[in-house]
>>> print(open('work_25.cif').read())   # mmCIF, C-alpha atoms
data_work
#
loop_
_atom_site.label_atom_id
_atom_site.label_comp_id
_atom_site.auth_asym_id
_atom_site.auth_seq_id
_atom_site.Cartn_x
_atom_site.Cartn_y
_atom_site.Cartn_z
CA MET A 9 75.37 42.84 -5.17
CA GLN A 10 75.72 39.77 -2.95
CA LYS A 11 73.45 41.33 -0.26
CA LEU A 12 70.84 42.14 -2.91
CA THR A 13 70.91 38.56 -4.22
CA PHE A 14 70.60 37.19 -0.69
CA ALA A 15 67.71 39.57 0.08
CA LEU A 16 65.96 38.57 -3.16
CA ILE A 17 66.35 34.84 -2.40
CA LEU A 18 65.11 35.41 1.16
CA LEU A 19 62.07 37.33 -0.14
CA ILE A 20 61.19 34.66 -2.70
CA THR A 21 61.60 31.89 -0.10
CA THR A 22 59.40 33.78 2.37
CA LEU A 23 56.69 34.29 -0.25
CA PHE A 24 56.88 30.65 -1.33
CA LEU A 25 56.67 29.26 2.19
CA GLY A 26 53.98 31.74 3.19
CA SER A 27 51.72 30.55 0.38
CA CYS A 28 51.92 26.89 1.38
CA TRP A 29 50.36 25.04 4.28
CA MET A 30 50.54 21.54 5.55
CA ASN A 31 47.52 19.32 5.16
CA PRO A 32 46.25 17.97 8.47
CA ASP A 33 47.48 14.49 9.37
CA LYS A 34 44.10 13.42 10.78
CA GLN A 35 40.46 14.26 10.29
CA LYS A 36 38.63 16.77 12.46
CA PRO A 37 36.13 15.56 15.08
CA GLY A 38 33.16 17.41 13.57
CA VAL A 39 30.06 18.49 15.51
CA LYS A 40 29.28 16.08 18.35
CA GLU A 41 25.50 16.66 18.21
CA PHE A 42 25.30 15.71 14.52
CA GLN A 43 27.28 12.45 14.68
CA GLY A 44 25.08 9.67 13.35
CA GLU A 45 22.31 9.16 10.82
CA TRP A 46 19.36 11.50 10.35
CA GLN A 47 16.24 10.73 8.32
CA GLN A 48 13.56 12.96 6.84
CA ASP A 49 10.41 10.83 6.71
CA SER A 50 7.98 13.20 5.02
CA ILE A 51 7.17 16.82 4.30
CA PRO A 52 3.92 18.69 4.87
CA MET A 53 1.37 18.13 2.08
CA GLN A 54 3.80 16.00 0.05
CA LYS A 55 0.98 14.18 -1.76
CA LYS A 56 -0.19 17.50 -3.21
CA LEU A 57 3.25 18.55 -4.48
CA LEU A 58 4.37 17.86 -8.04
CA THR A 59 7.98 17.27 -6.95
CA TYR A 60 9.64 16.83 -3.56
CA SER A 61 12.77 15.29 -2.07
CA LEU A 62 13.46 13.40 1.16
CA TYR A 63 16.92 13.49 2.72
CA HIS A 64 19.02 10.99 4.65
CA PHE A 65 22.12 12.50 6.31
CA LYS A 66 25.06 10.63 7.80
CA PHE A 67 27.69 12.60 9.72
CA THR A 68 30.95 10.84 10.59
CA CYS A 69 33.53 13.08 12.26
CA ASP A 70 34.00 15.98 9.78
CA SER A 71 32.48 14.09 6.82
CA PHE A 72 28.93 13.91 5.51
CA PHE A 73 27.07 11.50 3.26
CA VAL A 74 23.65 12.50 1.88
CA SER A 75 21.07 10.48 -0.03
CA ILE A 76 18.41 12.60 -1.75
CA LYS A 77 15.31 10.66 -2.81
CA THR A 78 13.24 12.63 -5.30
CA PHE A 79 9.62 11.94 -6.20
CA THR A 80 7.84 13.66 -9.08
CA LYS A 81 4.63 13.57 -11.06
CA VAL A 82 6.33 15.52 -13.89
CA ASN A 83 8.27 13.82 -16.70
CA TYR A 84 11.74 15.41 -16.56
CA GLY A 85 13.49 13.09 -18.99
CA ALA A 86 14.27 9.54 -19.97
CA ASP A 87 12.41 6.97 -17.90
CA SER A 88 15.58 4.87 -17.70
CA CYS A 89 16.94 7.65 -15.46
CA MET A 90 13.83 8.89 -13.70
CA LYS A 91 12.40 5.42 -12.98
CA ALA A 92 8.72 6.37 -13.19
CA GLY A 93 9.20 9.52 -11.15
CA HIS A 94 11.45 8.15 -8.35
CA TRP A 95 15.24 8.46 -8.18
CA THR A 96 18.03 8.91 -5.66
CA GLU A 97 21.15 11.06 -5.82
CA TYR A 98 24.15 10.74 -3.52
CA THR A 99 26.71 13.24 -2.23
CA LYS A 100 29.66 13.15 0.12
CA GLY A 101 32.20 15.61 1.42
CA ASN A 102 33.13 17.66 4.46
CA TYR A 103 30.99 19.92 6.57
CA GLY A 104 31.39 22.75 9.02
CA GLU A 105 29.18 24.63 11.42
CA ARG A 106 29.28 28.32 12.24
CA ASN A 107 26.70 30.01 14.47
CA ASP A 108 23.33 28.68 13.25
CA SER A 109 24.55 27.53 9.82
CA LEU A 110 25.68 24.18 8.46
CA PHE A 111 27.98 24.24 5.41
CA LEU A 112 28.21 21.13 3.21
CA LYS A 113 30.84 20.98 0.48
CA GLY A 114 31.45 17.86 -1.53
CA GLU A 115 30.68 16.05 -4.75
CA PHE A 116 27.88 14.01 -6.25
CA CYS A 117 28.71 10.30 -6.13
CA ASN A 118 27.58 6.84 -7.09
CA PRO A 119 25.25 4.83 -4.79
CA ASP A 120 28.29 3.27 -3.06
CA PHE A 121 29.63 6.82 -2.43
CA THR A 122 32.54 6.41 -4.83
CA LEU A 123 33.12 9.54 -6.94
CA LYS A 124 31.39 9.68 -10.30
CA GLU A 125 33.84 9.35 -13.17
CA LYS A 126 31.49 10.91 -15.74
CA PRO A 127 28.07 12.56 -15.87
CA ASP A 128 25.01 10.38 -16.22
CA CYS A 129 21.31 11.06 -15.80
CA PHE A 130 21.62 13.12 -12.64
CA ARG A 131 23.61 16.00 -11.25
CA PHE A 132 27.38 15.73 -11.45
CA GLY A 133 30.34 17.56 -9.96
CA MET A 134 30.40 19.83 -6.93
CA TYR A 135 27.69 19.81 -4.28
CA GLU A 136 27.51 22.84 -2.01
CA GLU A 137 24.67 23.59 0.34
CA VAL A 138 24.13 25.93 3.27
CA PHE A 139 21.46 25.19 5.86
CA LYS A 140 20.16 27.26 8.74
CA ILE A 141 19.96 24.87 11.71
CA THR A 142 17.09 24.86 14.20
CA LYS A 143 17.19 22.35 17.04
CA LYS A 144 13.70 21.05 17.79
CA THR A 145 14.72 18.35 20.33
CA ASP A 146 17.91 16.38 21.03
CA SER A 147 16.92 13.97 18.27
CA VAL A 148 15.14 16.30 15.80
CA TYR A 149 16.73 19.12 13.81
CA GLN A 150 15.32 21.34 11.11
CA PHE A 151 17.65 22.21 8.23
CA SER A 152 16.41 25.17 6.17
CA SER A 153 18.27 25.37 2.88
CA THR A 154 19.26 28.73 1.48
CA SER A 155 18.39 27.39 -1.99
CA ALA A 156 15.02 25.71 -1.30
CA VAL A 157 11.69 26.67 0.21
CA ILE A 158 10.73 23.50 2.10
CA PRO A 159 12.75 22.90 5.30
CA ILE A 160 14.09 19.44 6.11
CA THR A 161 12.96 18.08 9.46
CA ALA A 162 15.28 15.17 10.23
CA ARG A 163 15.11 12.76 13.14
CA LEU A 164 18.05 10.87 14.58
CA ILE A 165 17.85 7.20 13.66
CA LYS A 166 21.33 6.09 14.76
CA ARG A 167 23.78 7.87 17.08
CA THR A 168 27.50 7.36 16.47
CA THR A 169 30.68 8.67 18.03
CA CYS A 170 33.52 10.14 16.02
CA ILE A 171 36.74 8.13 16.17
CA VAL A 172 39.31 10.43 14.59
CA LYS A 173 41.41 8.57 12.01
CA PRO A 174 44.63 9.50 10.25
CA LEU A 175 44.25 10.71 6.67
#
>>> encode(input="work_25.cif", output="structure tokens")
Amino acid sequence: MQKLTFALILLITTLFLGSCWMNPDKQKPGVKEFQGEWQQDSIPMQKKLLTYSLYHFKFTCDSFFVSIKTFTKVNYGADSCMKAGHWTEYTKGNYGERNDSLFLKGEFCNPDFTLKEKPDCFRFGMYEEVFKITKKTDSVYQFSSTSAVIPITARLIKRTTCIVKPL
């Protein structure tokens, strides 16, 4: 009976410890080529589109910050939110790269990149996006979203270097 009790305790302990992992004590360095700020200035034929968005990416180590400026000629809702067809949404989180894909996973935030406490006029909660990456030059990348038709051509506007910090 004592051996059975010991074996049962050992099994439970093994299962418990096997299901846990330690959080890292410092952030990851991220992708060296992406470190910095990237701006999408325009899209082809944007004046003819009813709605389009322009992106500003900032990659710092393994973190991302994205500003999405949307322009529309369509009335989607209250003008207090849509500001005559121009508004900006913000996201932040962590990213990863695998092969030719960029994975962003984070949350929608306030303009100062603090987390939103409650929903307001715009999207709220989780932000997940997958982009196919195409390098055009050292300072121009094309990000083709798996959920949108128009690719994002972003140019480097400020290069930074990751300085890994403790979490």
>>> atom_distance(input="work_25.cif", atom1="atom CA of A:Glu45", atom2="atom CA of A:Lys77")
15.4 Å
>>> atom_distance(input="work_25.cif", atom1="atom CA of A:Asp128", atom2="atom CA of A:Gly101")
19.8 Å
>>> resolve_selection(input="work_25.cif", expression="the PyMOL selection byres ((chain A and resi 103-110) around 12)", output="PyMOL selection string")
chain A and resi 35-43+65-74+99-102+111-115+135-143+149-154
>>> residues_around(input="work_25.cif", residues="A:Lys34", least_positions_apart="3", cutoff="6 Å", atoms="all atoms listed in the file", output="mmCIF file with C-alpha atoms, in the coordinates of the input")
data_model
loop_
_atom_site.group_PDB
_atom_site.id
_atom_site.type_symbol
_atom_site.label_atom_id
_atom_site.label_comp_id
_atom_site.auth_asym_id
_atom_site.auth_seq_id
_atom_site.Cartn_x
_atom_site.Cartn_y
_atom_site.Cartn_z
ATOM 1 C CA LYS A 173 41.410 8.570 12.010
ATOM 2 C CA PRO A 174 44.630 9.500 10.250
ATOM 3 C CA LEU A 175 44.250 10.710 6.670
#
>>> resolve_selection(input="work_25.cif", expression="the PyMOL selection byres ((chain A and resi 58-63) around 12)", output="NGL selection string")
:A and (45-57 or 64-66 or 73-84 or 93-99 or 150-151 or 153 or 156-163)
>>> write_last_selection(input="work_25.cif", atoms="C-alpha atoms", output="CSV table (one decimal), keeping the file's coordinate frame")
chain,number,residue,atom,x,y,z
A,45,GLU,CA,22.3,9.2,10.8
A,46,TRP,CA,19.4,11.5,10.4
A,47,GLN,CA,16.2,10.7,8.3
A,48,GLN,CA,13.6,13.0,6.8
A,49,ASP,CA,10.4,10.8,6.7
A,50,SER,CA,8.0,13.2,5.0
A,51,ILE,CA,7.2,16.8,4.3
A,52,PRO,CA,3.9,18.7,4.9
A,53,MET,CA,1.4,18.1,2.1
A,54,GLN,CA,3.8,16.0,0.0
A,55,LYS,CA,1.0,14.2,-1.8
A,56,LYS,CA,-0.2,17.5,-3.2
A,57,LEU,CA,3.2,18.6,-4.5
A,64,HIS,CA,19.0,11.0,4.6
A,65,PHE,CA,22.1,12.5,6.3
A,66,LYS,CA,25.1,10.6,7.8
A,73,PHE,CA,27.1,11.5,3.3
A,74,VAL,CA,23.6,12.5,1.9
A,75,SER,CA,21.1,10.5,0.0
A,76,ILE,CA,18.4,12.6,-1.8
A,77,LYS,CA,15.3,10.7,-2.8
A,78,THR,CA,13.2,12.6,-5.3
A,79,PHE,CA,9.6,11.9,-6.2
A,80,THR,CA,7.8,13.7,-9.1
A,81,LYS,CA,4.6,13.6,-11.1
A,82,VAL,CA,6.3,15.5,-13.9
A,83,ASN,CA,8.3,13.8,-16.7
A,84,TYR,CA,11.7,15.4,-16.6
A,93,GLY,CA,9.2,9.5,-11.2
A,94,HIS,CA,11.4,8.2,-8.4
A,95,TRP,CA,15.2,8.5,-8.2
A,96,THR,CA,18.0,8.9,-5.7
A,97,GLU,CA,21.2,11.1,-5.8
A,98,TYR,CA,24.2,10.7,-3.5
A,99,THR,CA,26.7,13.2,-2.2
A,150,GLN,CA,15.3,21.3,11.1
A,151,PHE,CA,17.6,22.2,8.2
A,153,SER,CA,18.3,25.4,2.9
A,156,ALA,CA,15.0,25.7,-1.3
A,157,VAL,CA,11.7,26.7,0.2
A,158,ILE,CA,10.7,23.5,2.1
A,159,PRO,CA,12.8,22.9,5.3
A,160,ILE,CA,14.1,19.4,6.1
A,161,THR,CA,13.0,18.1,9.5
A,162,ALA,CA,15.3,15.2,10.2
A,163,ARG,CA,15.1,12.8,13.1
>>> atom_distance(input="work_25.cif", atom1="atom CA of A:Gly133", atom2="atom CA of A:Val172")
27.1 Å
